[in-house]
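Asks: CSV, C-alpha atoms, saved as target-v9.csv, coming up:
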chain,number,residue,atom,x,y,z
B,1,MET,CA,0.0,0.0,0.0
B,2,ALA,CA,2.9,2.4,0.7
B,3,LEU,CA,4.4,1.7,-2.7
B,4,ALA,CA,1.1,2.2,-4.4
B,5,ALA,CA,0.6,5.5,-2.6
B,6,PHE,CA,4.1,6.7,-3.4
B,7,LEU,CA,3.8,5.8,-7.1
B,8,GLY,CA,0.4,7.5,-7.3
B,9,ALA,CA,1.8,10.7,-5.7
B,10,VAL,CA,4.6,10.6,-8.3
B,11,ALA,CA,2.1,10.2,-11.1
B,12,PHE,CA,0.2,13.3,-10.0
B,13,PHE,CA,2.8,15.7,-8.5
B,14,TRP,CA,5.6,15.4,-11.0
B,15,PRO,CA,4.9,18.9,-12.5
B,16,PHE,CA,6.3,20.4,-9.3
B,17,VAL,CA,9.5,18.4,-9.7
B,18,VAL,CA,10.4,18.1,-13.4
B,19,ALA,CA,9.4,19.9,-16.6
B,20,PRO,CA,7.0,18.3,-19.0
B,21,GLY,CA,8.3,16.9,-22.2
B,22,ARG,CA,7.4,14.4,-24.9
B,23,PHE,CA,7.6,11.5,-22.5
B,24,GLY,CA,5.2,13.1,-20.1
B,25,ALA,CA,2.8,14.0,-22.8
B,26,SER,CA,2.8,10.8,-24.9
B,27,TYR,CA,4.1,7.8,-23.0
B,28,ALA,CA,3.3,8.5,-19.3
B,29,PRO,CA,-0.5,7.4,-19.4
B,30,PRO,CA,0.0,3.9,-20.8
B,31,LEU,CA,3.0,3.4,-18.7
B,32,ILE,CA,1.2,4.5,-15.6
B,33,PHE,CA,-1.8,2.3,-16.5
B,34,GLY,CA,0.5,-0.8,-16.8
B,35,VAL,CA,2.2,-0.1,-13.5
B,36,LEU,CA,-1.2,0.5,-11.9
B,37,LEU,CA,-2.5,-2.9,-13.0
B,38,VAL,CA,0.5,-4.5,-11.5
B,39,LEU,CA,-0.1,-2.5,-8.3
B,40,VAL,CA,-3.7,-3.6,-8.1
B,41,LEU,CA,-2.7,-7.3,-8.4
B,42,ALA,CA,0.1,-6.8,-5.9
B,43,VAL,CA,-2.3,-5.2,-3.4
B,44,VAL,CA,-4.9,-7.9,-3.9
B,45,PHE,CA,-2.4,-10.7,-3.5
B,46,ALA,CA,-0.9,-9.1,-0.4
B,47,GLN,CA,-4.4,-8.9,1.1
B,48,ILE,CA,-5.0,-12.5,0.2
B,49,ALA,CA,-1.7,-13.6,1.8
B,50,ASP,CA,-2.5,-11.5,4.9
B,51,GLY,CA,-6.0,-12.9,5.2
B,52,GLY,CA,-7.8,-9.6,4.5
B,53,ILE,CA,-9.3,-10.8,1.2
B,54,ASP,CA,-10.5,-14.3,0.2
B,55,ALA,CA,-12.5,-15.7,-2.6
B,56,LYS,CA,-15.8,-14.4,-1.2
B,57,ALA,CA,-14.3,-10.9,-0.8
B,58,LEU,CA,-13.1,-11.1,-4.4
B,59,ALA,CA,-16.6,-11.9,-5.5
B,60,MET,CA,-17.9,-8.9,-3.5
B,61,LEU,CA,-15.2,-6.8,-5.2
B,62,GLY,CA,-16.6,-7.8,-8.6
B,63,VAL,CA,-20.2,-7.1,-7.6
B,64,LEU,CA,-19.5,-3.7,-6.2
B,65,SER,CA,-17.3,-2.8,-9.2
B,66,ALA,CA,-20.2,-3.7,-11.5
B,67,VAL,CA,-22.6,-1.7,-9.4
B,68,ASN,CA,-20.4,1.4,-9.5
B,69,ALA,CA,-19.9,0.9,-13.3
B,70,ALA,CA,-23.6,0.9,-13.7
B,71,LEU,CA,-24.1,4.0,-11.4
B,72,ARG,CA,-21.6,6.2,-13.1
B,73,PRO,CA,-23.3,6.7,-16.5
B,74,LEU,CA,-26.5,7.5,-14.6
B,75,SER,CA,-25.0,10.3,-12.4
B,76,ALA,CA,-22.0,12.0,-14.0
B,77,GLY,CA,-22.4,14.8,-16.4
B,78,THR,CA,-24.7,17.4,-14.7
B,79,ALA,CA,-23.0,19.9,-12.4
B,80,GLY,CA,-20.5,17.3,-11.2
B,81,VAL,CA,-23.2,15.1,-9.6
B,82,GLU,CA,-21.6,11.6,-9.1
B,83,THR,CA,-22.8,8.8,-6.9
B,84,VAL,CA,-19.7,6.6,-7.5
B,85,PHE,CA,-17.9,8.0,-4.5
B,86,PHE,CA,-20.7,7.2,-2.1
B,87,LEU,CA,-20.4,3.5,-2.5
B,88,LEU,CA,-16.6,3.7,-2.8
B,89,VAL,CA,-16.3,5.4,0.6
B,90,LEU,CA,-18.6,3.0,2.4
B,91,ALA,CA,-17.0,-0.1,0.9
B,92,GLY,CA,-13.5,1.1,1.8
B,93,ARG,CA,-14.8,1.8,5.3
B,94,VAL,CA,-16.3,-1.7,5.8
B,95,PHE,CA,-13.8,-3.9,3.9
B,96,GLY,CA,-10.5,-2.0,4.5
B,97,PRO,CA,-7.9,0.1,2.7
B,98,GLY,CA,-6.7,-2.7,0.4
B,99,PHE,CA,-10.2,-3.5,-0.8
B,100,GLY,CA,-11.0,0.2,-1.2
B,101,PHE,CA,-7.9,0.7,-3.3
B,102,ALA,CA,-8.7,-2.2,-5.6
B,103,LEU,CA,-12.4,-1.2,-5.8
B,104,GLY,CA,-11.5,2.3,-6.9
B,105,CYS,CA,-9.3,1.0,-9.7
B,106,THR,CA,-11.7,-1.7,-10.9
B,107,SER,CA,-14.8,0.6,-10.8
B,108,MET,CA,-13.1,3.2,-13.0
B,109,PHE,CA,-11.8,0.6,-15.3
B,110,SER,CA,-15.1,-1.2,-15.8
B,111,SER,CA,-17.1,2.0,-16.2
B,112,ALA,CA,-14.6,3.3,-18.8
B,113,LEU,CA,-15.1,0.2,-20.8
B,114,LEU,CA,-18.9,0.4,-20.4
B,115,THR,CA,-19.1,4.1,-21.4
B,116,GLY,CA,-16.3,4.2,-24.0
B,117,GLY,CA,-14.3,6.6,-21.7
B,118,VAL,CA,-11.0,5.0,-22.3
B,119,GLY,CA,-8.2,7.5,-22.8
B,120,PRO,CA,-5.0,8.9,-21.3
B,121,TRP,CA,-7.0,10.2,-18.4
B,122,MET,CA,-8.2,6.8,-17.3
B,123,PRO,CA,-5.1,5.7,-15.2
B,124,TYR,CA,-5.3,9.0,-13.4
B,125,GLN,CA,-9.0,8.5,-12.7
B,126,MET,CA,-8.2,5.0,-11.4
B,127,PHE,CA,-5.5,6.2,-9.1
B,128,GLY,CA,-7.7,9.1,-7.8
B,129,CYS,CA,-10.6,6.7,-6.9
B,130,ALA,CA,-8.1,4.2,-5.5
B,131,PHE,CA,-6.9,6.9,-3.1
B,132,VAL,CA,-10.5,7.7,-2.1
B,133,GLY,CA,-11.2,4.1,-1.2
B,134,MET,CA,-7.9,3.5,0.5
B,135,LEU,CA,-8.2,6.5,2.7
B,136,ALA,CA,-11.7,5.6,3.7
B,137,GLY,CA,-10.4,2.3,5.0
B,138,LEU,CA,-7.8,4.2,7.1
B,139,LEU,CA,-10.3,6.4,8.9
B,140,PRO,CA,-10.4,6.1,12.7
B,141,ARG,CA,-12.9,4.0,14.5
B,142,ALA,CA,-16.4,5.4,15.2
B,143,ARG,CA,-19.9,4.1,15.5
B,144,GLY,CA,-23.4,5.4,15.1
B,145,LYS,CA,-24.1,9.0,14.2
B,146,ALA,CA,-20.4,9.9,14.8
B,147,GLU,CA,-19.4,7.5,12.1
B,148,ILE,CA,-21.9,8.7,9.6
B,149,ALA,CA,-20.9,12.3,10.2
B,150,MET,CA,-17.2,11.4,9.8
B,151,LEU,CA,-17.9,9.5,6.5
B,152,ALA,CA,-20.1,12.3,5.2
B,153,VAL,CA,-17.4,14.9,5.8
B,154,TYR,CA,-14.7,12.6,4.4
B,155,GLY,CA,-16.9,11.9,1.3
B,156,SER,CA,-17.3,15.6,0.7
B,157,ALA,CA,-13.6,16.2,1.0
B,158,SER,CA,-12.9,13.3,-1.3
B,159,GLY,CA,-14.9,14.9,-4.0
B,160,TYR,CA,-12.6,17.9,-3.9
B,161,LEU,CA,-9.5,15.7,-3.6
B,162,PHE,CA,-10.4,13.7,-6.7
B,163,GLY,CA,-10.8,16.9,-8.8
B,164,PHE,CA,-7.7,18.4,-7.4
B,165,LEU,CA,-5.6,15.3,-8.3
B,166,LEU,CA,-7.2,14.9,-11.8
B,167,ASN,CA,-6.5,18.5,-12.7
B,168,LEU,CA,-2.8,17.8,-12.1
B,169,SER,CA,-2.7,15.2,-14.8
B,170,PHE,CA,-3.4,17.7,-17.7
B,171,TRP,CA,-2.7,21.1,-16.2
B,172,PRO,CA,0.9,21.3,-17.7
B,173,PHE,CA,-0.5,20.7,-21.2
B,174,SER,CA,-4.0,22.3,-21.3
B,175,THR,CA,-3.4,26.1,-20.6
B,176,ASP,CA,-2.0,28.9,-22.7
B,177,PRO,CA,1.6,29.5,-21.5
B,178,GLY,CA,0.8,33.2,-21.4
B,179,SER,CA,-1.9,32.8,-18.9
B,180,SER,CA,-1.4,33.7,-15.2
B,181,ILE,CA,-2.6,30.2,-14.2
B,182,ALA,CA,-0.5,28.2,-16.7
B,183,TYR,CA,2.3,25.8,-15.7
B,184,LEU,CA,5.7,27.4,-16.3
B,185,PRO,CA,8.7,25.1,-16.0
B,186,GLY,CA,11.4,26.5,-13.8
B,187,LEU,CA,9.3,28.5,-11.4
B,188,PRO,CA,9.9,28.1,-7.7
B,189,PHE,CA,7.6,25.6,-5.9
B,190,THR,CA,5.6,28.4,-4.1
B,191,GLN,CA,4.8,30.2,-7.4
B,192,GLN,CA,4.0,27.0,-9.2
B,193,TRP,CA,1.7,25.9,-6.4
B,194,HIS,CA,-0.1,29.3,-6.3
B,195,ARG,CA,-0.7,29.0,-10.1
B,196,TYR,CA,-2.1,25.6,-9.8
B,197,LEU,CA,-4.5,26.5,-6.9
B,198,ALA,CA,-5.7,29.4,-9.1
B,199,TYR,CA,-6.2,27.0,-12.0
B,200,ASP,CA,-8.0,24.5,-9.9
B,201,ALA,CA,-10.4,27.1,-8.5
B,202,ALA,CA,-11.1,28.7,-11.9
B,203,THR,CA,-11.7,25.6,-13.9
B,204,SER,CA,-13.2,22.9,-11.7
B,205,LEU,CA,-14.2,24.2,-8.2
B,206,GLY,CA,-17.8,24.3,-9.1
B,207,TRP,CA,-17.8,20.8,-10.6
B,208,ASP,CA,-16.0,19.5,-7.6
B,209,THR,CA,-18.5,21.2,-5.3
B,210,GLY,CA,-21.3,19.3,-7.0
B,211,ARG,CA,-19.5,16.0,-6.5
B,212,ALA,CA,-18.7,16.8,-2.9
B,213,ALA,CA,-22.3,17.8,-2.1
B,214,THR,CA,-23.7,14.7,-3.8
B,215,THR,CA,-21.5,12.4,-1.8
B,216,PHE,CA,-22.2,14.3,1.5
B,217,VAL,CA,-26.0,14.0,1.0
B,218,CYS,CA,-25.9,10.4,-0.1
B,219,VAL,CA,-23.8,9.3,2.9
B,220,LEU,CA,-26.1,11.1,5.3
B,221,LEU,CA,-29.3,9.8,3.8
B,222,ALA,CA,-28.3,6.3,2.6
B,223,GLY,CA,-25.2,5.7,4.6
B,224,PRO,CA,-26.7,3.9,7.7
B,225,PRO,CA,-28.7,1.3,5.8
B,226,ALA,CA,-25.9,0.8,3.2
B,227,LEU,CA,-23.3,0.3,6.0
B,228,THR,CA,-25.6,-2.2,7.7
B,229,THR,CA,-26.1,-4.1,4.5
B,230,LEU,CA,-22.4,-4.2,3.7
B,231,ARG,CA,-21.5,-5.3,7.2
B,232,ARG,CA,-24.1,-8.0,7.2
B,233,ALA,CA,-22.7,-9.3,4.0
B,234,ALA,CA,-19.2,-9.3,5.5
B,235,ARG,CA,-20.4,-11.2,8.5
B,236,ARG,CA,-22.3,-13.8,6.6
B,237,ALA,CA,-19.4,-14.3,4.2
B,238,ALA,CA,-17.0,-14.4,7.2
B,239,PHE,CA,-14.3,-12.7,5.2
B,240,THR,CA,-11.8,-12.8,8.0
B,241,THR,CA,-12.8,-16.0,9.7
B,242,PRO,CA,-10.4,-18.9,8.8
B,243,ALA,CA,-12.0,-22.2,8.0
B,244,THR,CA,-11.5,-24.9,10.6
B,245,PHE,CA,-12.1,-28.6,10.2
B,246,THR,CA,-12.9,-30.8,13.2
B,247,PRO,CA,-11.9,-34.5,12.7
B,248,PRO,CA,-14.8,-36.9,13.1
B,249,PRO,CA,-15.0,-38.8,16.4
B,250,PRO,CA,-13.5,-42.2,16.4
B,251,ALA,CA,-15.7,-45.1,15.5
B,252,ALA,CA,-17.1,-47.1,18.4
Reformat the file's structure so that it appears as structure tokens.

Replies:
Amino acid sequence: MALAAFLGAVAFFWPFVVAPGRFGASYAPPLIFGVLLVLVLAVVFAQIADGGIDAKALAMLGVLSAVNAALRPLSAGTAGVETVFFLLVLAGRVFGPGFGFALGCTSMFSSALLTGGVGPWMPYQMFGCAFVGMLAGLLPRARGKAEIAMLAVYGSASGYLFGFLLNLSFWPFSTDPGSSIAYLPGLPFTQQWHRYLAYDAATSLGWDTGRAATTFVCVLLAGPPALTTLRRAARRAAFTTPATFTPPPPAA
């Protein structure tokens, strides 16, 4: 998980470290996508080895990925309204950071195939959703109304976080170099950071606000029954309970 988080941070924050060139513009997305697939497999295998994910949890991962893939075309496209993050936050909370990381990646991958949204932006979307699910699994313990409030606030913040990260993937290539919010190689970090904050606020703050508000309201209204359902499924599947076999009693 630490390696995945580090590589994801490198994929997003490289404009503050190196200048963009032909490699960053042409070859980075497919390379990041290939590395990301390896990371997803590594995280899943590590969780299997650690006992956090078994065959039943993998089946649940497939079901929730399909649900998110079906929800995305019905919600995205109007004022930033997206219901994908609602389920991603709750599933990461219930099943843990490794599951949340994998669910974020597989949800974006399957929905991109479903809607024809495959492009150089897809690996960055997968990484962004992976971070949202992973961080949800790392939130502190809470129960009842305090947990719902915490998840609602985090869900709202994750809407802004996702947009903030996704803008980094194309900011160096999408703005007129003469603009006051454009990326300029060689500037000190503080000036570069100020330009990016202005770019993010000017281009996507309203869209991110729609995503944040949608997730906040969905968690508040549907979070309690959804958490109950997911936890009941986890208990019945006994994801973390090892199988034990008792030898039959000796014959009389």

Asks: When you draw a straight line from CA of Thr214 (chain B) to CA of Val84 (chain B), how long is it in Å?

Replies: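 Between these atoms lies a distance of 9.8 Å.
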
Asks: So for region 131-148 of chain B, what box centre and size do we get, axis-aligned, 6 Å extra on each of the six sides, every listed atom, Å to one decimal, as JSON?

Replies:
{"center_x": -15.5, "center_y": 6.1, "center_z": 6.2, "size_x": 29.2, "size_y": 19.6, "size_z": 30.6}

Asks: Counting all atoms listed in the file, figure out which residue out of B:Ile148, B:Ala157, B:Ala46, B:Leu37 gets nearest to Phe109 (chain B).

Replies: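 Of the candidates, the smallest distance to Phe109 (chain B) is held by B:Leu37.
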
Asks: Taking only C-alpha atoms into account, which of B:Phe162, B:Phe16, B:Phe95, B:Tyr124 comes nearest Leu138 (chain B)?

Replies: B:Phe95

Asks: Using all atoms listed in the file for the distances, tell me which of B:Ala102, B:Ile181, B:Met150, B:Ala91 is nearest to Leu227 (chain B).

Replies: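 Between B:Ala102, B:Ile181, B:Met150, B:Ala91, the residue approaching Leu227 (chain B) most closely is B:Ala91.
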
Asks: May I ask for the distance between CA of Phe12 (chain B) and CA of Ala130 (chain B), given in Å to one decimal place?

Replies: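 Between CA of Phe12 (chain B) and CA of Ala130 (chain B) the gap works out to 13.1 Å.
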
Asks: What's the 9 Å shell around Phe164 (chain B), counting all atoms listed in the file, without same-chain residues fewer than 4 positions away, as a list in words?

Replies: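 The residues satisfying every condition are Gly159, Tyr160, Leu168, Leu197, Asp200, Ser204, Leu205 and Asp208 of chain B.
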
Asks: One decimal, in Å: what's the spacing between CA of Asn167 (chain B) and CA of Met108 (chain B)?

Replies: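 Going from CA of Asn167 (chain B) over to CA of Met108 (chain B), I get 16.7 Å.
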
Asks: Can you tell me which residues surround Glu147 (chain B) at a distance of at most 12 Å, considering all atoms listed in the file, apart from same-chain residues fewer than 4 positions away, and format the answer as a ChimeraX atom specification?

Replies: /B:90,93-94,136,139-143,151-155,219-220,223-224,227

Asks: Please tell me which residues are no farther than 8 Å from (-13.0, 5.4, -17.2) in the file, counting only C-alpha atoms, and write them as a ChimeraX atom specification.

Replies: /B:108-113,115-119,121-122,125-126

Asks: Pick out the residues sitting within 10 Å of Ala5 (chain B), and hand them over as an MDAnalysis selection string; count all atoms listed in the file, and ignore anything fewer than 2 positions along from it in its own chain.

Replies: chainID B and resid 1:3 7:11 39 101 127 130:131 134

Asks: Quick one: residues within 9 Å of Val44 (chain B), all atoms listed in the file, excluding same-chain residues fewer than 6 positions away - as a compact mmCIF listing (two decimals) with C-alpha atoms, in the coordinates of the input?

Replies:
# COMPACT_ATOMS: atom_id res chain seq x y z
CA ILE B 53 -9.30 -10.80 1.20
CA LEU B 58 -13.10 -11.10 -4.40
CA GLY B 98 -6.70 -2.70 0.40
CA PHE B 99 -10.20 -3.50 -0.80
CA ALA B 102 -8.70 -2.20 -5.60

Asks: Choose the residue, out of B:Gly163, B:Pro185, B:Gly137, B:Pro172, that has the smallest atom-to-atom separation from Gly210 (chain B); count all atoms listed in the file.

Replies: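 The shortest atom-to-atom distance to Gly210 (chain B) comes from B:Gly163.
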